[in-house]
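Undergrad: Structure file start.pdb (PDB, C-alpha atoms and all ligand atoms) right here:
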ATOM      1  CA  MET N   1     -60.845  -8.757 -47.479
ATOM      2  CA  ASP N   2     -58.179 -10.088 -45.125
ATOM      3  CA  ARG N   3     -57.124 -13.434 -46.486
ATOM      4  CA  LEU N   4     -54.416 -14.013 -43.874
ATOM      5  CA  ARG N   5     -55.654 -16.795 -41.625
ATOM      6  CA  LEU N   6     -54.527 -16.971 -38.021
ATOM      7  CA  LEU N   7     -53.759 -20.497 -36.851
ATOM      8  CA  GLU N   8     -53.038 -20.959 -33.158
ATOM      9  CA  THR N   9     -52.575 -24.679 -32.645
ATOM     10  CA  PRO N  10     -50.616 -27.395 -34.426
ATOM     11  CA  ALA N  11     -53.940 -29.147 -35.090
ATOM     12  CA  ALA N  12     -55.287 -26.034 -36.860
ATOM     13  CA  LEU N  13     -52.111 -25.818 -38.941
ATOM     14  CA  ARG N  14     -52.419 -29.449 -39.909
ATOM     15  CA  LEU N  15     -56.084 -29.064 -40.876
ATOM     16  CA  ALA N  16     -55.344 -26.039 -43.088
ATOM     17  CA  SER N  17     -52.459 -27.825 -44.729
ATOM     18  CA  ASP N  18     -54.436 -31.028 -45.256
ATOM     19  CA  ARG N  19     -57.161 -29.050 -47.016
ATOM     20  CA  TRP N  20     -54.677 -27.308 -49.292
ATOM     21  CA  ARG N  21     -52.934 -30.529 -50.114
ATOM     22  CA  ALA N  22     -56.234 -32.307 -50.774
ATOM     23  CA  ALA N  23     -56.942 -29.561 -53.328
ATOM     24  CA  GLY N  24     -53.611 -30.316 -55.007
ATOM     25  CA  LEU N  25     -51.904 -27.172 -53.728
ATOM     26  CA  SER N  26     -48.264 -27.106 -52.615
ATOM     27  CA  VAL N  27     -47.436 -25.675 -49.180
ATOM     28  CA  GLY N  28     -44.443 -23.510 -48.261
ATOM     29  CA  LEU N  29     -43.429 -22.917 -44.637
ATOM     30  CA  VAL N  30     -41.383 -19.960 -43.378
ATOM     31  CA  PRO N  31     -40.448 -20.470 -39.716
ATOM     32  CA  THR N  32     -39.601 -17.271 -37.822
ATOM     33  CA  MET N  33     -39.419 -15.846 -34.337
ATOM     34  CA  GLY N  34     -41.108 -12.640 -35.481
ATOM     35  CA  ALA N  35     -39.821  -9.037 -35.399
ATOM     36  CA  LEU N  36     -39.905  -9.447 -39.146
ATOM     37  CA  HIS N  37     -37.437  -7.579 -41.358
ATOM     38  CA  ARG N  38     -36.339  -7.647 -45.004
ATOM     39  CA  GLY N  39     -34.466 -10.911 -44.444
ATOM     40  CA  HIS N  40     -37.710 -12.614 -43.468
ATOM     41  CA  ARG N  41     -39.474 -10.879 -46.354
ATOM     42  CA  SER N  42     -37.007 -12.409 -48.813
ATOM     43  CA  LEU N  43     -37.896 -15.888 -47.517
ATOM     44  CA  LEU N  44     -41.620 -15.118 -47.801
ATOM     45  CA  GLN N  45     -41.170 -13.826 -51.348
ATOM     46  CA  ARG N  46     -39.277 -16.934 -52.404
ATOM     47  CA  ALA N  47     -41.944 -19.139 -50.832
ATOM     48  CA  ARG N  48     -44.662 -17.115 -52.573
ATOM     49  CA  ARG N  49     -42.938 -17.684 -55.928
ATOM     50  CA  GLU N  50     -42.434 -21.406 -55.439
ATOM     51  CA  CYS N  51     -45.525 -22.577 -53.531
ATOM     52  CA  ASP N  52     -49.286 -22.332 -53.994
ATOM     53  CA  ARG N  53     -49.891 -21.592 -50.316
ATOM     54  CA  VAL N  54     -47.519 -19.941 -47.821
ATOM     55  CA  VAL N  55     -47.673 -20.223 -44.057
ATOM     56  CA  ALA N  56     -45.287 -18.318 -41.807
ATOM     57  CA  SER N  57     -44.816 -19.306 -38.200
ATOM     58  CA  ILE N  58     -44.146 -16.684 -35.558
ATOM     59  CA  PHE N  59     -43.004 -18.371 -32.381
ATOM     60  CA  VAL N  60     -40.281 -17.363 -29.964
ATOM     61  CA  ASN N  61     -39.324 -20.904 -29.093
ATOM     62  CA  PRO N  62     -38.245 -21.197 -25.457
ATOM     63  CA  THR N  63     -36.500 -24.539 -25.896
ATOM     64  CA  GLN N  64     -33.790 -23.057 -28.122
ATOM     65  CA  PHE N  65     -32.787 -20.388 -25.580
ATOM     66  CA  GLY N  66     -30.349 -21.210 -22.791
ATOM     67  CA  PRO N  67     -30.525 -19.903 -19.232
ATOM     68  CA  GLY N  68     -29.536 -16.244 -19.145
ATOM     69  CA  GLU N  69     -30.140 -15.754 -22.881
ATOM     70  CA  ASP N  70     -32.552 -13.204 -24.316
ATOM     71  CA  PHE N  71     -35.818 -15.201 -24.407
ATOM     72  CA  ASP N  72     -37.660 -12.766 -22.111
ATOM     73  CA  ARG N  73     -36.603  -9.611 -23.924
ATOM     74  CA  TYR N  74     -36.596 -10.995 -27.499
ATOM     75  CA  PRO N  75     -38.515  -8.403 -29.586
ATOM     76  CA  ARG N  76     -42.178  -9.272 -30.015
ATOM     77  CA  SER N  77     -44.290  -7.240 -32.446
ATOM     78  CA  LEU N  78     -47.177  -9.417 -33.561
ATOM     79  CA  GLU N  79     -49.391  -6.730 -35.091
ATOM     80  CA  SER N  80     -46.707  -5.277 -37.338
ATOM     81  CA  ASP N  81     -45.517  -8.798 -38.175
ATOM     82  CA  LEU N  82     -49.018  -9.704 -39.351
ATOM     83  CA  SER N  83     -48.993  -6.580 -41.543
ATOM     84  CA  VAL N  84     -45.738  -7.771 -43.098
ATOM     85  CA  LEU N  85     -47.261 -11.175 -43.778
ATOM     86  CA  ARG N  86     -50.278  -9.532 -45.440
ATOM     87  CA  GLU N  87     -48.008  -7.353 -47.563
ATOM     88  CA  GLU N  88     -46.034 -10.397 -48.664
ATOM     89  CA  GLY N  89     -49.175 -12.315 -49.563
ATOM     90  CA  ALA N  90     -48.891 -15.080 -46.970
ATOM     91  CA  ASP N  91     -51.982 -17.237 -46.649
ATOM     92  CA  ALA N  92     -51.658 -18.107 -42.982
ATOM     93  CA  ALA N  93     -49.788 -17.114 -39.850
ATOM     94  CA  PHE N  94     -49.114 -19.866 -37.358
ATOM     95  CA  VAL N  95     -48.882 -18.104 -33.988
ATOM     96  CA  PRO N  96     -49.071 -20.726 -31.260
ATOM     97  CA  SER N  97     -48.679 -20.069 -27.551
ATOM     98  CA  VAL N  98     -45.905 -21.853 -25.694
ATOM     99  CA  ALA N  99     -48.582 -24.026 -24.057
ATOM    100  CA  ALA N 100     -49.994 -24.996 -27.456
ATOM    101  CA  MET N 101     -46.558 -26.189 -28.590
ATOM    102  CA  TYR N 102     -45.409 -27.691 -25.293
ATOM    103  CA  PRO N 103     -48.501 -28.702 -23.284
ATOM    104  CA  PRO N 104     -48.191 -30.180 -19.803
ATOM    105  CA  GLY N 105     -46.585 -33.605 -19.967
ATOM    106  CA  PHE N 106     -44.552 -32.803 -23.056
ATOM    107  CA  ALA N 107     -41.451 -35.007 -22.852
ATOM    108  CA  THR N 108     -40.079 -35.609 -26.337
ATOM    109  CA  ARG N 109     -36.575 -34.606 -27.353
ATOM    110  CA  VAL N 110     -35.119 -34.356 -30.855
ATOM    111  CA  GLY N 111     -31.393 -34.071 -31.450
ATOM    112  CA  VAL N 112     -29.039 -33.976 -34.426
ATOM    113  CA  GLY N 113     -25.644 -35.532 -33.682
ATOM    114  CA  GLY N 114     -22.355 -35.772 -35.543
ATOM    115  CA  PRO N 115     -20.017 -33.012 -36.671
ATOM    116  CA  LEU N 116     -22.864 -30.597 -37.426
ATOM    117  CA  THR N 117     -23.424 -30.085 -33.720
ATOM    118  CA  ALA N 118     -19.849 -30.533 -32.477
ATOM    119  CA  GLY N 119     -18.723 -26.927 -32.754
ATOM    120  CA  GLY N 120     -19.762 -23.349 -33.428
ATOM    121  CA  GLU N 121     -23.208 -22.440 -32.118
ATOM    122  CA  ALA N 122     -23.676 -25.916 -30.632
ATOM    123  CA  VAL N 123     -20.782 -25.298 -28.250
ATOM    124  CA  ALA N 124     -21.440 -21.588 -27.687
ATOM    125  CA  ARG N 125     -25.113 -22.236 -26.923
ATOM    126  CA  PRO N 126     -25.434 -25.709 -25.363
ATOM    127  CA  GLY N 127     -28.815 -27.247 -26.115
ATOM    128  CA  HIS N 128     -29.656 -24.604 -28.725
ATOM    129  CA  PHE N 129     -29.854 -26.996 -31.655
ATOM    130  CA  ASP N 130     -31.877 -29.514 -29.643
ATOM    131  CA  GLY N 131     -34.472 -26.769 -29.243
ATOM    132  CA  VAL N 132     -34.257 -25.835 -32.922
ATOM    133  CA  ALA N 133     -34.521 -29.485 -33.991
ATOM    134  CA  LEU N 134     -37.532 -30.019 -31.737
ATOM    135  CA  VAL N 135     -39.506 -27.000 -32.897
ATOM    136  CA  VAL N 136     -38.666 -27.481 -36.575
ATOM    137  CA  THR N 137     -39.687 -31.134 -36.391
ATOM    138  CA  LYS N 138     -43.009 -30.117 -34.857
ATOM    139  CA  LEU N 139     -43.504 -27.452 -37.533
ATOM    140  CA  LEU N 140     -42.712 -29.854 -40.356
ATOM    141  CA  VAL N 141     -44.975 -32.573 -38.936
ATOM    142  CA  ALA N 142     -47.897 -30.181 -38.418
ATOM    143  CA  SER N 143     -47.544 -28.267 -41.682
ATOM    144  CA  ARG N 144     -46.579 -31.171 -43.956
ATOM    145  CA  ALA N 145     -44.873 -28.471 -45.990
ATOM    146  CA  ASP N 146     -43.521 -29.293 -49.420
ATOM    147  CA  ARG N 147     -40.771 -26.706 -48.909
ATOM    148  CA  ALA N 148     -39.468 -24.871 -45.854
ATOM    149  CA  TYR N 149     -37.357 -21.738 -46.125
ATOM    150  CA  PHE N 150     -34.349 -20.826 -43.989
ATOM    151  CA  GLY N 151     -31.675 -18.130 -44.151
ATOM    152  CA  ALA N 152     -28.001 -18.680 -44.957
ATOM    153  CA  LYS N 153     -26.967 -16.206 -42.221
ATOM    154  CA  ASP N 154     -27.757 -18.934 -39.705
ATOM    155  CA  ALA N 155     -25.594 -21.355 -41.675
ATOM    156  CA  GLN N 156     -25.228 -24.034 -39.030
ATOM    157  CA  GLN N 157     -28.965 -23.974 -38.297
ATOM    158  CA  ALA N 158     -29.722 -24.409 -41.997
ATOM    159  CA  ALA N 159     -27.357 -27.398 -42.131
ATOM    160  CA  VAL N 160     -28.851 -28.962 -38.992
ATOM    161  CA  VAL N 161     -32.393 -28.515 -40.307
ATOM    162  CA  SER N 162     -31.465 -29.943 -43.718
ATOM    163  CA  ARG N 163     -29.952 -32.980 -41.975
ATOM    164  CA  LEU N 164     -32.983 -33.655 -39.803
ATOM    165  CA  ALA N 165     -35.468 -33.147 -42.644
ATOM    166  CA  ALA N 166     -33.598 -35.760 -44.682
ATOM    167  CA  ASP N 167     -32.933 -38.159 -41.788
ATOM    168  CA  LEU N 168     -36.551 -38.156 -40.611
ATOM    169  CA  ASP N 169     -37.971 -38.640 -44.144
ATOM    170  CA  THR N 170     -40.125 -35.565 -43.716
ATOM    171  CA  GLY N 171     -40.583 -35.134 -47.449
ATOM    172  CA  THR N 172     -39.982 -31.395 -47.008
ATOM    173  CA  ALA N 173     -37.330 -29.770 -49.192
ATOM    174  CA  ILE N 174     -35.232 -27.330 -47.160
ATOM    175  CA  VAL N 175     -34.532 -24.198 -49.181
ATOM    176  CA  VAL N 176     -31.652 -22.016 -47.970
ATOM    177  CA  CYS N 177     -31.973 -18.365 -49.035
ATOM    178  CA  PRO N 178     -29.200 -15.748 -49.337
ATOM    179  CA  THR N 179     -28.469 -13.391 -46.460
ATOM    180  CA  VAL N 180     -30.073  -9.968 -46.780
ATOM    181  CA  ARG N 181     -27.824  -7.155 -45.571
ATOM    182  CA  ASP N 182     -28.086  -3.476 -44.772
ATOM    183  CA  ASP N 183     -26.245  -0.991 -46.966
ATOM    184  CA  ASP N 184     -23.186  -1.162 -44.718
ATOM    185  CA  GLY N 185     -23.071  -4.938 -45.051
ATOM    186  CA  LEU N 186     -24.439  -5.876 -41.629
ATOM    187  CA  ALA N 187     -26.769  -8.858 -41.904
ATOM    188  CA  LEU N 188     -30.316  -7.966 -40.934
ATOM    189  CA  SER N 189     -31.279  -9.566 -37.645
ATOM    190  CA  SER N 190     -34.045  -9.032 -35.117
ATOM    191  CA  ARG N 191     -31.247  -8.802 -32.543
ATOM    192  CA  ASN N 192     -29.793  -5.698 -34.239
ATOM    193  CA  MET N 193     -32.505  -3.853 -32.278
ATOM    194  CA  TYR N 194     -30.411  -4.358 -29.159
ATOM    195  CA  LEU N 195     -27.586  -2.223 -30.576
ATOM    196  CA  SER N 196     -26.992   1.403 -29.634
ATOM    197  CA  PRO N 197     -26.051   3.667 -32.582
ATOM    198  CA  GLU N 198     -22.361   3.377 -31.640
ATOM    199  CA  GLU N 199     -22.574  -0.409 -31.276
ATOM    200  CA  ARG N 200     -24.403  -0.568 -34.606
ATOM    201  CA  ARG N 201     -21.531   1.365 -36.190
ATOM    202  CA  GLN N 202     -18.918  -0.925 -34.695
ATOM    203  CA  ALA N 203     -20.857  -4.031 -35.753
ATOM    204  CA  GLN N 204     -19.911  -3.201 -39.344
ATOM    205  CA  VAL N 205     -16.566  -4.878 -38.669
ATOM    206  CA  ILE N 206     -18.379  -8.228 -38.890
ATOM    207  CA  PRO N 207     -19.240  -7.957 -42.604
ATOM    208  CA  ALA N 208     -15.908  -6.189 -43.100
ATOM    209  CA  GLY N 209     -14.197  -9.273 -41.648
ATOM    210  CA  LEU N 210     -16.141 -11.599 -43.937
ATOM    211  CA  ALA N 211     -15.301  -9.372 -46.897
ATOM    212  CA  ALA N 212     -11.583  -9.287 -46.066
ATOM    213  CA  ALA N 213     -11.380 -13.077 -45.966
ATOM    214  CA  ALA N 214     -13.493 -13.406 -49.126
ATOM    215  CA  ARG N 215     -11.195 -11.054 -51.010
ATOM    216  CA  LEU N 216      -8.076 -12.862 -49.799
ATOM    217  CA  PHE N 217      -9.622 -16.168 -50.891
ATOM    218  CA  ALA N 218     -10.400 -14.657 -54.289
ATOM    219  CA  ALA N 219      -6.758 -13.598 -54.528
ATOM    220  CA  GLY N 220      -5.707 -17.231 -54.136
ATOM    221  CA  GLU N 221      -5.092 -17.655 -50.404
ATOM    222  CA  ARG N 222      -6.250 -21.066 -49.155
ATOM    223  CA  ARG N 223      -4.546 -21.289 -45.744
ATOM    224  CA  VAL N 224      -7.263 -21.068 -43.137
ATOM    225  CA  ALA N 225      -4.968 -19.428 -40.579
ATOM    226  CA  ARG N 226      -4.363 -16.537 -43.010
ATOM    227  CA  LEU N 227      -7.998 -16.193 -43.993
ATOM    228  CA  VAL N 228      -9.124 -16.200 -40.366
ATOM    229  CA  ALA N 229      -6.421 -13.680 -39.493
ATOM    230  CA  ALA N 230      -7.711 -11.375 -42.229
ATOM    231  CA  ALA N 231     -11.211 -11.567 -40.796
ATOM    232  CA  ARG N 232      -9.995 -11.077 -37.241
ATOM    233  CA  GLY N 233      -7.930  -8.104 -38.365
ATOM    234  CA  GLU N 234     -11.135  -6.319 -39.322
ATOM    235  CA  LEU N 235     -13.028  -7.506 -36.269
ATOM    236  CA  ALA N 236     -10.306  -6.041 -34.060
ATOM    237  CA  GLY N 237     -11.430  -2.630 -35.318
ATOM    238  CA  GLY N 238     -14.529  -2.828 -33.140
ATOM    239  CA  PRO N 239     -13.174  -1.941 -29.700
ATOM    240  CA  ASP N 240     -16.331  -3.059 -27.926
ATOM    241  CA  LEU N 241     -16.721  -6.242 -29.963
ATOM    242  CA  ARG N 242     -15.928  -9.531 -28.246
ATOM    243  CA  CYS N 243     -15.351 -12.415 -30.672
ATOM    244  CA  GLU N 244     -16.667 -15.798 -29.705
ATOM    245  CA  TYR N 245     -15.344 -17.625 -32.722
ATOM    246  CA  VAL N 246     -14.080 -17.085 -36.241
ATOM    247  CA  GLU N 247     -13.795 -20.404 -38.062
ATOM    248  CA  ILE N 248     -13.744 -21.932 -41.502
ATOM    249  CA  VAL N 249     -15.622 -25.200 -41.801
ATOM    250  CA  ASP N 250     -16.774 -27.589 -44.485
ATOM    251  CA  ARG N 251     -20.432 -28.136 -45.317
ATOM    252  CA  ASP N 252     -20.690 -30.614 -42.429
ATOM    253  CA  PHE N 253     -19.209 -27.970 -40.118
ATOM    254  CA  ARG N 254     -15.921 -29.789 -39.656
ATOM    255  CA  PRO N 255     -13.021 -27.358 -39.212
ATOM    256  CA  VAL N 256     -10.634 -27.359 -42.189
ATOM    257  CA  SER N 257      -7.040 -26.162 -42.477
ATOM    258  CA  GLN N 258      -7.139 -25.543 -46.238
ATOM    259  CA  ALA N 259     -10.150 -23.714 -47.614
ATOM    260  CA  VAL N 260     -11.849 -24.704 -50.862
ATOM    261  CA  SER N 261     -14.635 -23.034 -52.790
ATOM    262  CA  GLY N 262     -17.764 -23.489 -50.692
ATOM    263  CA  SER N 263     -15.952 -23.625 -47.340
ATOM    264  CA  ILE N 264     -17.964 -21.590 -44.853
ATOM    265  CA  LEU N 265     -16.519 -18.762 -42.792
ATOM    266  CA  VAL N 266     -18.583 -18.421 -39.628
ATOM    267  CA  VAL N 267     -18.368 -15.606 -37.099
ATOM    268  CA  ALA N 268     -20.001 -15.054 -33.721
ATOM    269  CA  ALA N 269     -19.403 -11.932 -31.657
ATOM    270  CA  ARG N 270     -20.948 -10.045 -28.793
ATOM    271  CA  ILE N 271     -21.357  -6.314 -28.710
ATOM    272  CA  GLY N 272     -23.189  -4.583 -25.923
ATOM    273  CA  SER N 273     -26.062  -6.858 -24.986
ATOM    274  CA  ALA N 274     -26.343  -8.348 -28.478
ATOM    275  CA  ARG N 275     -24.884 -11.570 -29.769
ATOM    276  CA  LEU N 276     -24.533 -11.522 -33.548
ATOM    277  CA  ILE N 277     -23.643 -14.294 -35.975
ATOM    278  CA  ASP N 278     -22.831 -14.209 -39.655
ATOM    279  CA  ALA N 279     -21.514 -16.531 -42.343
ATOM    280  CA  LEU N 280     -20.130 -16.501 -45.868
ATOM    281  CA  ARG N 281     -19.305 -19.243 -48.353
ATOM    282  CA  LEU N 282     -15.811 -18.559 -49.665
ATOM    283  CA  GLY N 283     -15.607 -18.391 -53.440
ATOM    284  CA  VAL N 284     -19.409 -18.551 -53.712
ATOM    285  CA  ASP N 285     -20.957 -15.588 -51.906
ATOM    286  CA  ALA N 286     -20.039 -12.069 -52.986
ATOM    287  CA  PRO N 287     -18.087 -10.166 -50.305
ATOM    288  CA  PRO N 288     -20.624  -8.151 -48.271
ATOM    289  CA  LEU N 289     -18.645  -4.962 -48.820
ATOM    290  CA  PRO N 290     -16.866  -3.883 -52.000
ATOM    291  CA  SER N 291     -13.092  -3.633 -51.868
ATOM    292  CA  GLY N 292     -12.054  -0.304 -50.372
ATOM    293  CA  ALA N 293     -15.413   0.274 -48.694
ATOM    294  CA  THR N 294     -15.388   2.310 -45.537
ATOM    295  CA  SER N 295     -13.620   0.575 -42.721
ATOM    296  CA  VAL N 296     -14.789   1.445 -39.238
ATOM    297  CA  HIS N 297     -11.331   1.283 -37.744
ATOM    298  CA  ASP N 298      -8.114   3.198 -38.248
ATOM    299  CA  THR N 299      -6.574   1.643 -41.339
ATOM    300  CA  SER N 300      -3.147   2.975 -40.395
ATOM    301  CA  ALA N 301      -2.968   0.235 -37.763
ATOM    302  CA  PRO N 302      -0.719  -2.727 -38.645
ATOM    303  CA  ALA N 303      -2.160  -5.225 -41.088
ATOM    304  CA  ALA N 304      -3.243  -8.470 -39.483
ATOM    305  CA  VAL N 305      -1.930 -10.728 -42.203
ATOM    306  CA  GLY N 306       1.832 -10.899 -42.128
ATOM    307  CA  GLY N 307       1.884  -7.967 -39.735
ATOM    308  CA  ALA N 308       2.020  -7.555 -36.002
ATOM    309  CA  PRO N 309      -1.025  -8.932 -34.247
ATOM    310  CA  ARG N 310      -3.514  -6.340 -33.096
ATOM    311  CA  SER N 311      -4.262  -6.076 -29.450
ATOM    312  CA  GLY N 312      -7.831  -6.445 -28.301
ATOM    313  CA  PRO N 313     -10.401  -9.165 -27.884
ATOM    314  CA  CYS N 314     -10.665 -10.011 -31.583
ATOM    315  CA  THR N 315      -6.926  -9.956 -32.222
ATOM    316  CA  ALA N 316      -5.619 -12.080 -35.069
ATOM    317  CA  SER N 317      -3.596 -14.919 -33.556
TER     318      SER N 317
HETATM  319  P1  LIG Z 401     -35.390 -15.710 -36.909
HETATM  320  O1  LIG Z 401     -36.712 -15.029 -36.851
HETATM  321  O2  LIG Z 401     -34.229 -14.814 -36.581
HETATM  322  O3  LIG Z 401     -35.366 -17.031 -36.172
HETATM  323  O4  LIG Z 401     -35.171 -16.073 -38.438
HETATM  324  C1  LIG Z 401     -36.133 -16.805 -39.165
HETATM  325  C2  LIG Z 401     -35.512 -17.230 -40.467
HETATM  326  O5  LIG Z 401     -35.115 -16.067 -41.189
HETATM  327  C3  LIG Z 401     -34.257 -18.080 -40.261
HETATM  328  O6  LIG Z 401     -34.237 -19.127 -41.231
HETATM  329  C4  LIG Z 401     -33.151 -17.105 -40.502
HETATM  330  O7  LIG Z 401     -31.962 -17.712 -40.977
HETATM  331  C5  LIG Z 401     -33.765 -16.207 -41.570
HETATM  332  N1  LIG Z 401     -33.089 -14.914 -41.578
HETATM  333  C6  LIG Z 401     -32.823 -14.126 -40.500
HETATM  334  N2  LIG Z 401     -32.128 -13.031 -40.885
HETATM  335  C7  LIG Z 401     -31.955 -13.143 -42.221
HETATM  336  C8  LIG Z 401     -31.309 -12.318 -43.205
HETATM  337  N3  LIG Z 401     -30.697 -11.198 -42.885
HETATM  338  N4  LIG Z 401     -31.327 -12.745 -44.493
HETATM  339  C9  LIG Z 401     -31.952 -13.904 -44.827
HETATM  340  N5  LIG Z 401     -32.575 -14.719 -43.955
HETATM  341  C10 LIG Z 401     -32.573 -14.343 -42.662
END
Let me see the file written as C-alpha cells.
Ligand code: AMP

TA:
Amino acid sequence: MDRLRLLETPAALRLASDRWRAAGLSVGLVPTMGALHRGHRSLLQRARRECDRVVASIFVNPTQFGPGEDFDRYPRSLESDLSVLREEGADAAFVPSVAAMYPPGFATRVGVGGPLTAGGEAVARPGHFDGVALVVTKLLVASRADRAYFGAKDAQQAAVVSRLAADLDTGTAIVVCPTVRDDDGLALSSRNMYLSPEERRQAQVIPAGLAAAARLFAAGERRVARLVAAARGELAGGPDLRCEYVEIVDRDFRPVSQAVSGSILVVAARIGSARLIDALRLGVDAPPLPSGATSVHDTSAPAAVGGAPRSGPCTAS
C-alpha cells in the first residue's frame, strides 16, 4: 500500500499536519526544489529518525529566482522524486502549483535584514533571499512543523532561515545537516546536471579549494587573506571556472580578517551554464578531500600562498 500522501495546497498541508499534531505526533518538514539526490535523502533520513511524521515539499519557487536565472530549465522529475520519498519513508509530499502558493492578488513580502543578507548570495542574486524567506515562511506556517531540515552546503540560506524562524516565533527548530559529497568531493546539487563531463571534472577544484584552506587552517594559519589565497589557488586550476566570490565570514555572515574555529569559507563559481556554491566551517568540518588527493590542475604551477599569483579568473590576489 502506498502510504505517501500527495498534498497540493497549503490548506491540505495544514489539515494533515493538524491531524498529526492532534494525535500527539511530531512533524518534520524537508523543503526541496525536487530533482532529489543523496543530499536530500540525508535530510529525509534525519527527519525520519527525529520526527513521527515527515513531509517533504517539492516546489521550484519562482520568487527566489532572478530574471535570467534558471527557473525555466531547473530540473523537474516529479515521478522519480516521489519514488525517492517512498523509499525514504516520507509520509507526505507537498507539491503545490505556483498558483496554489501565489494566487492572484498575492502581495505579501518577507525579508531578513542585517548582515546575513548584506553579502554573498544576497548580493550575487538580488532578491533571492526575499524569495527564500517568503516560501519558507509559508511552508512553516502551513506545516506547523516541529523541525525543518536544511543543508549546510547552502550555508547562508540556512542562517537566513534560522534567523527568520526565531524572529517570527514559528516554534520550528531549524536543523542544519552536513553536506553530502560525491567521491571526488563535489557537493551534490541538482544543478550538477547542467555540467558536461569536462565541466564536472573541472568543478572538483571547488572542494579542492575548500580542502586547501581547511588544511592550512588546521596547520595554524588564521589570516583570512592567506586562507582565501589557498582556496583560490586551487580554483585557478579550473580554466573554465569563473569565481564569483571566495570569502570567510562569521556565523552572521560578516566578513572577518582573522579566522577562528567555526568561521565559514563560502565559495560561488560559474562553470558552463551552472552556478555552484559550497561552504565549509574551518576547524569544524573535515576537508572534503584528503591531503594529497588528486588535483585537477598541474601541480607544478606556482603555489598560490607565498608564490606568484596565478593568472586566470580565479587567481589568488
Ligand atoms: P534544493 O532542492 O537544492 O533547494 O535543496 C533542498 C535542501 O537540500 C536545502 O536545504 C539544501 O541545502 C539541501 N541540500 C542540497 N544539496 C545538499 C547536499 N549535497 N548535502 C546536504 N544537503 C543538501

Undergrad: Rank N:Leu235, N:Ala155, N:Val27, N:Ile174 by their smallest atom-to-atom distance to Ile248 of chain N, using all atoms listed in the file, and report the top residue only.

TA: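 Nearest to Ile248 of chain N: N:Ala155.
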
Undergrad: Selected by the PyMOL selection byres (((chain N and resi 39) around 10) and not hetatm) in the shown coordinates: which residues, as JSON, numbers by chain?

TA: {"N": [36, 37, 38, 40, 41, 42, 43, 44, 150, 151, 153, 177, 178, 179, 180, 181, 182, 187, 188, 189, 190]}

Undergrad: Check the smallest atom-to-atom distance from each of N:Gly220, N:Pro115, N:Pro288, N:Gly209 to Pro255 of chain N using all atoms listed in the file, then report the winner.

TA: N:Pro115

Undergrad: What does the structure give for the distance between atom CA of Val266 of chain N and atom CA of Leu280 of chain N, in Å to one decimal?

TA: 6.7 Å

Undergrad: Identify which of the residues N:Ile206, N:Ala118, N:Ala231, N:Ile277 lies closest to ligand LIG 401 (chain Z), counting only C-alpha atoms and all ligand atoms when measuring atom-to-atom distances.

TA: N:Ile277

Undergrad: Kindly give the distance, in Å, that separates atom CA of Asp240 of chain N and atom CA of Ser273 of chain N, rounded to a single decimal.

TA: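 So the two atoms, atom CA of Asp240 of chain N and atom CA of Ser273 of chain N, lie 10.9 Å apart.
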
Undergrad: Please return the centre and edge lengths, in Å to one decimal, of a box with edges along x, y and z that contains all listed atoms of ligand LIG 401 (chain Z), widened by 3 Å on every side, as JSON.

TA:
{"center_x": -33.7, "center_y": -15.2, "center_z": -40.5, "size_x": 12.0, "size_y": 13.9, "size_z": 14.7}

Undergrad: Looking at only C-alpha atoms and all ligand atoms, which of N:Thr117, N:Ser83, N:Ser57, N:Ser261 is the one that sits closest to ligand LIG 401 (chain Z)?

TA: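 Closest to ligand LIG 401 (chain Z) of all the choices is N:Ser57.
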
Undergrad: Using the chain letters and numbering of this document, enumerate as a list in words the residues selected by the PyMOL selection byres (((chain N and resi 224-226) around 7) and not hetatm).

TA: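 Going through the file, the PyMOL selection byres (((chain N and resi 224-226) around 7) and not hetatm) ends up selecting Arg222, Arg223, Leu227, Val228, Ala229, Ala230, Ile248, Ser257, Gln258, Ala259 and Val305 of chain N.
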
Undergrad: Evaluated on this file, the PyMOL selection byres (((chain N and resi 32) around 10) and not hetatm) picks out some residues - which ones are they, written as a list in words?

TA: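 Evaluating the PyMOL selection byres (((chain N and resi 32) around 10) and not hetatm) on this file yields Leu29, Val30, Pro31, Met33, Gly34, Ala35, Leu36, His40, Leu43, Ala56, Ser57, Ile58, Phe59, Val60, Asn61, Phe94, Tyr149 and Phe150 of chain N.
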
Undergrad: Using Å and a single decimal, report how far atom CA of Glu247 of chain N sits from atom CA of Ile264 of chain N.

TA: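 The value is 8.1 Å.
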
Undergrad: Between N:Ala218, N:Ala152, N:Ala274, N:Val256, which is the closest to ligand LIG 401 (chain Z) once you count only C-alpha atoms and all ligand atoms?

TA: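 The closest residue to ligand LIG 401 (chain Z) is N:Ala152.
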
Undergrad: May I ask which of the residues N:Ala213, N:Leu85, N:Ala236, N:Leu241 is the closest one to Arg5 of chain N, counting all atoms listed in the file?

TA: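 Nearest candidate to Arg5 of chain N out of N:Ala213, N:Leu85, N:Ala236, N:Leu241: N:Leu85.
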
Undergrad: Using only C-alpha atoms, collect all residues at a distance of at most 12 Å from (-47.3, -25.8, -26.7) as written in the file, then present them as a ChimeraX atom specification.

TA: /N:8-11,59-63,95-107,134-135,138-139

Undergrad: Residues at most 8 Å from segment 15-24 of chain N, counting only C-alpha atoms, excluding those fewer than 4 positions away in the same chain, as an mmCIF file with C-alpha atoms, keeping the file's coordinate frame?

TA:
data_model
loop_
_atom_site.group_PDB
_atom_site.id
_atom_site.type_symbol
_atom_site.label_atom_id
_atom_site.label_comp_id
_atom_site.auth_asym_id
_atom_site.auth_seq_id
_atom_site.Cartn_x
_atom_site.Cartn_y
_atom_site.Cartn_z
ATOM 1 C CA ALA N 11 -53.940 -29.147 -35.090
ATOM 2 C CA ARG N 53 -49.891 -21.592 -50.316
ATOM 3 C CA SER N 143 -47.544 -28.267 -41.682
ATOM 4 C CA ARG N 144 -46.579 -31.171 -43.956
ATOM 5 C CA ALA N 145 -44.873 -28.471 -45.990
#

Undergrad: In the coordinate frame of the file, compute which residues have an atom within 8 Å of (-29.0, -26.3, -25.6) when using only C-alpha atoms, and state them as a PyMOL selection string.

TA: chain N and resi 63-66+122+125-131
